[in-house]
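The next block holds one structure in the form of structure tokens; read it before the comments.
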Amino acid sequence: YRPGVADLPLLAFVTCPLGTSLSNGLGLYDGLAGIWAQLVVWAVPWVIARCYFNSLPALRELALGMFLGSLVYVPLCLFEMKFGPILHLKIYGYYQHPPDRAIRPDGSVRPMVFMEQGLMLSMWLSTSAMVAIAISRDSVRSRVPRLLETLLAWSLAAMTLLTRSFGASAL
């Protein structure tokens with residue numbers, strides 16, 4: 001890994017908590033804790049991605065992994081839509097957020113599966129749907145018939161709509 005100009009926005013983003021903390025009078029310790037949090041959440045994945053996904057075949061492998069991983073989420077989302085956000089509780093023994101946040105005003109349930117909240121899941125599904133559509137249109141031949149790839153990709157787009165998140169659907 002060699003830092004470059006492409007890393008400057010990340011550097012600015014990671015160091016922002018220090019300036020915010022100092023300008024709000026919270027001190028250096030709070031600012032450094034914010035930098036640490038930004039490093040763990042954003043900078044580490046960025047550096048890993050720069051190291052391992054720096055070629056077209058590597059990006060294709062990442063996209064395929066996203067496609068397959070999101071297909072695993074579809075039956076889990078349907079389960080939570082039917083029975084409520086209980087998978088996290090049943091497997092890990094606690095809720096990641098109060099389950100009433102998943103209940104929509106019309107009584108339907110926005111699934112969370114194993115993510116922090118339903119919005120995060122909706123964004124994951126919409127991003128994966130776009131990646132899946134790109135894969136299904138790719139000229140590289142795969143073992144899966146193109147029609148099946150296309151149907152699976154559009155099923156992810158439909159699942160995104162079923163999660164009832166306007167922002168993810170608009171994306």
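So you can find residues: chains in the structure tokens are A, B, ... in the order shown, residues in each start at 1, and ligands are numbered from 1 in order.
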
Self-check item: Residues of chain A in helix (DSSP H, G or I), written as an NGL selection string
Solution: :A and (5-23 or 28-52 or 56-83 or 87-92 or 99-102 or 118-137 or 146-162 or 166-170)

Quiz item: If we count only C-alpha atoms, what is near Gly19 in chain A at a cut-off of 12 Å, once residues fewer than 2 positions away on the same chain are taken out, given as a ChimeraX atom specification?
Solution: /A:12-17,21-32,34-35

Self-check item: Near-Val72 in chain A list (12 Å; only C-alpha atoms; drop same-chain fewer than 5 positions) as a list in words
Solution: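 Result of the neighbour search: Gly65, Met66, Phe67, Cys77, Leu78, Phe79, Val113, Leu125, Ser128, Leu152, Leu156 and Met159 of chain A.
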
Create the file for the chosen residues now, containing all heavy atoms and written as a tab-separated table (two decimals), in the first residue's frame.
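Heads up, here's the output in selection32.tsv:
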chain	number	residue	atom	x	y	z
A	65	GLY	N	-19.12	-11.59	-4.84
A	65	GLY	CA	-19.33	-11.88	-3.42
A	65	GLY	C	-20.49	-11.08	-2.84
A	65	GLY	O	-21.29	-11.60	-2.05
A	66	MET	N	-20.61	-9.81	-3.26
A	66	MET	CA	-21.74	-9.00	-2.81
A	66	MET	C	-23.05	-9.57	-3.33
A	66	MET	O	-24.05	-9.64	-2.61
A	66	MET	CB	-21.58	-7.55	-3.29
A	66	MET	CG	-20.54	-6.76	-2.55
A	66	MET	SD	-20.39	-5.09	-3.19
A	66	MET	CE	-21.97	-4.39	-2.75
A	67	PHE	N	-23.04	-9.98	-4.59
A	67	PHE	CA	-24.24	-10.56	-5.22
A	67	PHE	C	-24.68	-11.81	-4.46
A	67	PHE	O	-25.84	-11.94	-4.05
A	67	PHE	CB	-23.91	-10.86	-6.67
A	67	PHE	CG	-25.05	-11.36	-7.51
A	67	PHE	CD1	-26.37	-11.24	-7.11
A	67	PHE	CD2	-24.81	-11.95	-8.72
A	67	PHE	CE1	-27.42	-11.70	-7.90
A	67	PHE	CE2	-25.84	-12.42	-9.53
A	67	PHE	CZ	-27.14	-12.29	-9.11
A	77	CYS	N	-34.70	-11.84	5.06
A	77	CYS	CA	-35.55	-10.63	5.05
A	77	CYS	C	-37.02	-11.02	5.00
A	77	CYS	O	-37.85	-10.45	5.72
A	77	CYS	CB	-35.21	-9.76	3.85
A	77	CYS	SG	-33.63	-8.94	3.96
A	78	LEU	N	-37.35	-11.97	4.15
A	78	LEU	CA	-38.75	-12.42	4.06
A	78	LEU	C	-39.22	-13.01	5.39
A	78	LEU	O	-40.35	-12.79	5.81
A	78	LEU	CB	-38.90	-13.42	2.92
A	78	LEU	CG	-38.69	-12.85	1.52
A	78	LEU	CD1	-38.66	-13.96	0.49
A	78	LEU	CD2	-39.73	-11.81	1.19
A	79	PHE	N	-38.35	-13.75	6.06
A	79	PHE	CA	-38.68	-14.30	7.37
A	79	PHE	C	-38.98	-13.19	8.37
A	79	PHE	O	-39.98	-13.24	9.09
A	79	PHE	CB	-37.52	-15.18	7.87
A	79	PHE	CG	-37.74	-15.73	9.25
A	79	PHE	CD1	-38.46	-16.89	9.44
A	79	PHE	CD2	-37.22	-15.08	10.36
A	79	PHE	CE1	-38.67	-17.40	10.71
A	79	PHE	CE2	-37.42	-15.58	11.64
A	79	PHE	CZ	-38.15	-16.75	11.81
A	113	VAL	N	-32.52	-7.99	9.92
A	113	VAL	CA	-31.71	-9.20	9.89
A	113	VAL	C	-30.57	-9.03	10.89
A	113	VAL	O	-30.83	-8.94	12.07
A	113	VAL	CB	-31.28	-9.57	8.47
A	113	VAL	CG1	-30.60	-10.92	8.45
A	113	VAL	CG2	-32.48	-9.59	7.53
A	125	LEU	N	-28.97	-3.88	0.31
A	125	LEU	CA	-29.70	-4.55	-0.76
A	125	LEU	C	-29.73	-3.73	-2.04
A	125	LEU	O	-29.59	-4.27	-3.13
A	125	LEU	CB	-31.12	-4.89	-0.30
A	125	LEU	CG	-31.25	-6.02	0.70
A	125	LEU	CD1	-32.68	-6.14	1.19
A	125	LEU	CD2	-30.78	-7.34	0.11
A	128	SER	N	-26.27	-3.89	-3.57
A	128	SER	CA	-26.06	-5.23	-4.12
A	128	SER	C	-26.89	-5.46	-5.36
A	128	SER	O	-26.46	-6.16	-6.28
A	128	SER	CB	-26.38	-6.29	-3.07
A	128	SER	OG	-25.52	-6.15	-1.97
A	152	LEU	N	-32.28	-13.12	-10.84
A	152	LEU	CA	-31.81	-12.96	-9.47
A	152	LEU	C	-31.47	-11.51	-9.16
A	152	LEU	O	-31.75	-11.00	-8.07
A	152	LEU	CB	-30.61	-13.87	-9.21
A	152	LEU	CG	-30.91	-15.36	-9.14
A	152	LEU	CD1	-29.62	-16.16	-9.07
A	152	LEU	CD2	-31.82	-15.68	-7.98
A	156	LEU	N	-33.36	-8.98	-6.38
A	156	LEU	CA	-32.75	-8.14	-5.34
A	156	LEU	C	-33.31	-6.73	-5.39
A	156	LEU	O	-33.53	-6.10	-4.34
A	156	LEU	CB	-31.23	-8.11	-5.51
A	156	LEU	CG	-30.49	-9.36	-5.09
A	156	LEU	CD1	-29.01	-9.22	-5.41
A	156	LEU	CD2	-30.69	-9.64	-3.62
A	159	MET	N	-36.61	-6.90	-3.77
A	159	MET	CA	-36.46	-7.02	-2.32
A	159	MET	C	-36.14	-5.67	-1.69
A	159	MET	O	-36.61	-5.35	-0.60
A	159	MET	CB	-35.35	-8.03	-2.01
A	159	MET	CG	-35.25	-8.43	-0.57
A	159	MET	SD	-36.65	-9.44	-0.12
A	159	MET	CE	-37.15	-8.63	1.35

Write out as a short mmCIF file (atom, residue, chain, number, x, y, z; two decimals) with N, CA and C atoms, in the first residue's frame each polymer residue whose atoms come within 10 Å of Arg101 in chain A, counting only C-alpha atoms; drop sequence neighbours fewer than 5 positions from it.
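Final file, around_35.cif:
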data_model
loop_
_atom_site.label_atom_id
_atom_site.label_comp_id
_atom_site.auth_asym_id
_atom_site.auth_seq_id
_atom_site.Cartn_x
_atom_site.Cartn_y
_atom_site.Cartn_z
N PRO A 85 -38.58 -8.64 13.64
CA PRO A 85 -37.11 -8.61 13.71
C PRO A 85 -36.57 -9.44 14.87
N VAL A 109 -43.48 -4.73 8.84
CA VAL A 109 -42.18 -4.80 9.50
C VAL A 109 -41.08 -4.53 8.49
N ARG A 110 -40.18 -3.64 8.83
CA ARG A 110 -38.97 -3.43 8.02
C ARG A 110 -37.90 -4.35 8.59
N MET A 112 -34.41 -6.09 9.67
CA MET A 112 -33.06 -5.62 10.03
C MET A 112 -32.05 -6.74 9.84
N GLN A 117 -29.78 -1.52 11.67
CA GLN A 117 -31.14 -1.06 11.49
C GLN A 117 -31.62 -1.39 10.08
N GLY A 118 -32.90 -1.19 9.86
CA GLY A 118 -33.49 -1.52 8.56
C GLY A 118 -32.96 -0.67 7.43
#

Practice problem: Find the residue from A:Leu62, A:Val74, A:Leu18, A:Leu10 that sits nearest to Val47 in chain A; use only C-alpha atoms when measuring. | Solution: A:Leu10

Quiz item: For Leu39 in chain A, which of A:Pro99, A:Leu11, A:Met115, A:Thr20 is the closest residue, counting only C-alpha atoms?
Solution: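 Checking each of A:Pro99, A:Leu11, A:Met115, A:Thr20 against Leu39 in chain A, counting only C-alpha atoms, the winner is A:Leu11.
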
Quiz item: Of the residues A:Val140, A:Leu56, A:Ser70, A:Gln96, which is the one nearest to Ala157 in chain A, using only C-alpha atoms?
Solution: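 So, comparing all the options, the nearest one is A:Ser70.
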
Practice problem: Quick one: everything within 7 Å of Ala168 in chain A, counting only C-alpha atoms, minus sequence neighbours fewer than 3 positions away in the same chain. Send it as a list in words. | Solution: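 The residues satisfying every condition are Ser122, Met123, Ser126, Ser165 and Leu171 of chain A.
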
Exercise. Find, counting only C-alpha atoms, the residue in A:Ala49, A:His97, A:Leu68, A:Asp106 that gets nearest to Ala153 in chain A.
Key: A:Leu68

Quiz item: For the atom pair CA of Ala58 in chain A and CA of Trp124 in chain A, what is the interatomic distance in Å to one decimal place?
Solution: 19.8 Å

Self-check item: Minimum-distance residue to Glu149 in chain A, chosen among A:Ala33, A:Ile86, A:Leu71, A:Leu161 (using only C-alpha atoms)
Solution: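 Under the stated criterion, the closest residue is A:Leu71.
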
Quiz item: Looking at only C-alpha atoms, which of A:Pro111, A:Phe53, A:Tyr92, A:Trp36 is the one that sits closest to Pro75 in chain A?
Solution: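 Counting only C-alpha atoms, the residue closest to Pro75 in chain A is A:Pro111.
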